[in-house]
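Only one structure is covered here, and it is reproduced in the block below.
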Amino acid sequence: MSLDFGLILKQMPDILSGLWVTLWMWIVATLLGAALGFLVAVGRRYGPAPLDWLLKLCVEMLRGTPFLVQLFLLYFGGPFIGLRLEPIPAGLLGLTVYAAAYFSEIFRAGFQAVPKGHVEAADMAGLSRAQILRRIILPEMTMLVLPQCVNMAIVLIKETAILSIITVPEMTMVIGAIGSQQYAFVDAMFLLAIIYWVLVEICGFLGRLAEARLSKFRFAAS
Amino acid sequence: MNKRFLMKAILGLSLALGLPLAAHAEDTLAKVKSAGVLKVGTETAFAPFDFIDETGAHAGLNVDLFDEIGKELGVKIQWVALPWDGVLPGLEAGQFDMVAGPATITKARVERYRFTVPIAEATVALLKRAGDDTIQKPEDIAGKLVGAGKATAQLKQLQDYGKTLPKPVETREYVGYNEAYADLAAGRIVAVANSLPNIAFVAQKQPDTFAVVKPAFGQPSYFGYIGTKKPEDQSLIDAVDAAILKLKKNGSMAKLQEKWFGTTFDTPDTVPTPKV
Amino acid sequence: MSWRLFDLMLWAAGYTVLLSGISIAIGLTLGLLVCAAKLSTSRLLSAPATVFISFFRGVPLLVQLLLIYNLLPQIGIMVPSVVAAILGLSLCTAAYQAENLRGGFNSVPKGLLEAADMVGLSPWQQLTRIRAPIAFRLTLPALVNEAILILKASSLISVVGVIELTRMAQNLAASTYKPLLFYSVAGGLYLVICWTLAGGGALAERLTRTHRA
């Protein structure tokens, strides 16, 4: 076999554009997914019971089916019910909703892990519900859920590879296409593996850094 | 990560496990005959050559033709279905003995692979939505978004053709042609570029949804099946060639073409010099 | 949808479960070995385990599968489609399961081991009677979770030529022009399997808990 990275590196502009699509879609979907997941977790904890059931059903359906099937339903099934999205919006929506389901579970566990005593004490001290959420629960929760959130972000960057199947011109799509054109398929897959691996390691490193920086809040939760 | 290190590690591991490393050049035809099985890699999103029919069965010209080829060689056919962009890499990796597809005979591919004699015409044309008046002739796709299969010769021809138009054509690459047709029906793209036999079949199956844009825009070209250029594989492709030519002579090929395309093709008896 | 097509979907779902099940079992075995290597005091063992875990958790399964299918034969290791699929899923889940198991072993209370030492249990007895059972119970929820993840991840193995549930839905969606129907049915079947697994996991957890009392 001839592993020839030079051939592939000649296509640098294309590869960088693919990397860019992967990165921005990942970051936007992760942030939006975390925000939406937080709302879902709050809705389930503080909303009326029927809302909790409904959201639980949605979350469990999203967690019980492969991302690829969700994406196919949205992209190829959508037009049949009047929802016709282009690949990038469809990919972004799919990834965000998928992420939100998992983030909501992380936050729900985070809520439950905040010691009841802290909340009761704040309640006694006359803080409003919103104040308790913002001043007590959120800071204490952040430390608890941060590692899982980083894990989820890592899962998501790998899921972006699946977006290539609905023609989103992200990294797997672009590098795979170059590999086919140049008959250097294995080299292309190698390159992809290495890029994703580096991205994941960087993400994990940043996560550990954030954890260390925030560890001063740890006492609050223990 | 040093790739050479990884290669060495894998190499070392496979040595340690005592796995056969040297690809011994046993004649492929002899191997296929003694195993009684010919492994053929293909893609099942290429109607009417190769597709899954309404009953969920693997069907198409490939299935019928390889049944006949199998009879000639005295072997059974074992199909391996992959997304098209994985089929040629799979052949090179040795996952199957040859590739059905079929694939357009192009200059680039002829240099790298051994083609069988042509089995059908492959000239590229456009499929549009039925009733879409904005596209009357191929030039009308200038400046618009057109779909084609990833890693296909049709995509390459579409891109080359697009460059000759006053406004360049934007292309979208699909993992399979079925998804491209679905996107055309959904209105996300204005046309799909594929070989005339393919899109004629699709338009005939769903006349309310699709229509063929005439004339074909591509250079005349042909479809063939693919093997490698490895010396040990040549006898197999020779045998498949002989089988195809025999089927052409005794009229079976024409019958199969009539069955799947509603027409017959006048294809050369040797691999022609590709124009694309 | 005709019954024949629904049968095909059911068959594909069964195949998905079979391949995922085999991969989980191999992955658990391999994960145990990797976990043992990672916990080893010898760097010669722990360093490769660290790289293994990092690589298979850091690369998308789609890319792993394509590498296994196309690279291994080039160095003389033939991997047919099904083998490549099982290998890809197994290696991937082994990396995750090794980490889960490590968490489980590390959570075994030190006091228990000290007590075991005092009553004269050998290291092997400590492992089989105390550490392994406790670690197993602690990692059971994670194992069920991992099984569900692999079941869903198996939707990607069609890239190496295996017709499983998602690919079957894709094929039938194309041939019948009913994507909404077939992808919904596929989603429904995945849900049934995943929820059954989750339910079974919860039950097993309850059973092992009463066992402790």
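Going by the structure tokens order, chains are called A, B, ..., each with residues numbered from 1, while ligands are numbered from 1 in the order shown.
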
- Message: Taking the DSSP secondary structure from the backbone, can you list the residues of range 190-239 of chain B that are strand (DSSP E), as a PyMOL selection string?
- Response: chain B and resi 191-195+210-213+222-227

I need the chain C residues near chain B as a short mmCIF file (atom, residue, chain, number, x, y, z; two decimals) with C-alpha atoms, in the first residue's frame; criterion: at most 6 Å, counting only C-alpha atoms.
```
data_model
loop_
_atom_site.label_atom_id
_atom_site.label_comp_id
_atom_site.auth_asym_id
_atom_site.auth_seq_id
_atom_site.Cartn_x
_atom_site.Cartn_y
_atom_site.Cartn_z
CA ASN C 70 -10.10 -1.43 3.90
CA PRO C 73 -6.85 -6.74 4.16
CA GLN C 74 -3.97 -4.70 2.76
CA GLY C 76 -2.94 -9.59 4.92
CA VAL C 159 -20.88 1.18 5.19
CA GLY C 161 -21.65 -4.06 3.47
CA ALA C 174 -36.24 4.02 -1.77
CA SER C 175 -38.00 1.15 -3.53
CA THR C 176 -41.48 2.04 -2.23
#
```

Check: Any idea what's packed within 10 Å of range 30-46 of chain A, counting only C-alpha atoms, ignoring anything in its chain fewer than 2 positions away? Could you give it as a ChimeraX atom specification?
Finding: /A:24-28,48-56,59,92-112,129,133,149-150,152-154,156-157

- Could the residues of chain A within 6 Å of chain B, counting only C-alpha atoms, be given as an MDAnalysis selection string, please? chainID A and resid 79 167 180

Selection: 8 Å around Thr172 in chain A, only C-alpha atoms, excl. self and same-chain fewer than 5 positions, as a compact mmCIF listing (two decimals) with N, CA and C atoms, in the first residue's frame:
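part_29.txt, written as the output of this step:
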```
# COMPACT_ATOMS: atom_id res chain seq x y z
N GLY A 18 -13.95 21.88 4.89
CA GLY A 18 -14.68 20.80 5.55
C GLY A 18 -14.50 20.85 7.06
N ALA A 161 -19.79 13.40 11.92
CA ALA A 161 -19.35 12.62 10.75
C ALA A 161 -20.55 12.04 10.01
N SER A 164 -22.43 13.68 6.91
CA SER A 164 -22.01 13.50 5.52
C SER A 164 -23.04 12.70 4.74
N LEU A 192 -8.52 11.32 8.40
CA LEU A 192 -9.74 11.65 9.14
C LEU A 192 -9.64 11.19 10.59
```

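Any residue of chain C with an atom no more than 7 Å from chain A counts as a contact; using only C-alpha atoms, that gives Phe55, Gly58, Val59, Pro60, Val63, Leu67, Asn70, Leu71, Gln74, Lys152, Ala153, Ser155, Thr166, Pro179, Leu180, Tyr183, Gly187, Tyr190, Leu191 and Cys194 of chain C.
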
Selection file, C-alpha atoms, as an mmCIF file, in the first residue's frame:
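Final output, saved to part_7.cif:
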```cif
data_model
loop_
_atom_site.group_PDB
_atom_site.id
_atom_site.type_symbol
_atom_site.label_atom_id
_atom_site.label_comp_id
_atom_site.auth_asym_id
_atom_site.auth_seq_id
_atom_site.Cartn_x
_atom_site.Cartn_y
_atom_site.Cartn_z
ATOM 1 C CA PHE C 55 -8.049 6.117 19.976
ATOM 2 C CA GLY C 58 -11.645 9.591 19.852
ATOM 3 C CA VAL C 59 -12.420 8.459 16.312
ATOM 4 C CA PRO C 60 -15.945 8.306 14.827
ATOM 5 C CA VAL C 63 -14.188 6.097 10.166
ATOM 6 C CA LEU C 67 -10.379 1.696 8.245
ATOM 7 C CA ASN C 70 -10.099 -1.426 3.905
ATOM 8 C CA LEU C 71 -6.824 -1.346 5.797
ATOM 9 C CA GLN C 74 -3.975 -4.698 2.756
ATOM 10 C CA LYS C 152 -27.799 2.404 18.009
ATOM 11 C CA ALA C 153 -24.255 2.680 16.685
ATOM 12 C CA SER C 155 -26.943 1.658 12.325
ATOM 13 C CA THR C 166 -31.343 1.101 9.172
ATOM 14 C CA PRO C 179 -39.358 7.182 3.585
ATOM 15 C CA LEU C 180 -41.615 8.491 6.346
ATOM 16 C CA TYR C 183 -37.849 5.273 8.888
ATOM 17 C CA GLY C 187 -37.270 4.058 14.754
ATOM 18 C CA TYR C 190 -35.110 0.518 17.802
ATOM 19 C CA LEU C 191 -37.284 2.009 20.575
ATOM 20 C CA CYS C 194 -33.781 -0.117 23.619
#
```

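CA of Trp20 in chain A is found 11.1 Å from CA of Val174 in chain A.
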
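What separates CA of Lys144 in chain B from CA of Pro168 in chain B is a distance of 7.9 Å.
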
Note to self: I want to know what sits within 9 Å of range 193-208 of chain B, based on only C-alpha atoms, with residues of the same chain fewer than 6 positions away left out; could you give that as a ChimeraX atom specification?
What the structure shows: /B:46-49,104,120-131,146-149,154-155,157-158,177,181,216,218,260-262

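Distance annotation: of C:Leu165, C:Val79, C:Ala173, C:Ala132, the residue with the minimal separation from Gly14 in chain C is C:Leu165; atom set is only C-alpha atoms.
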
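CA of Leu156 in chain C lies 13.7 Å from CA of Ala13 in chain C.
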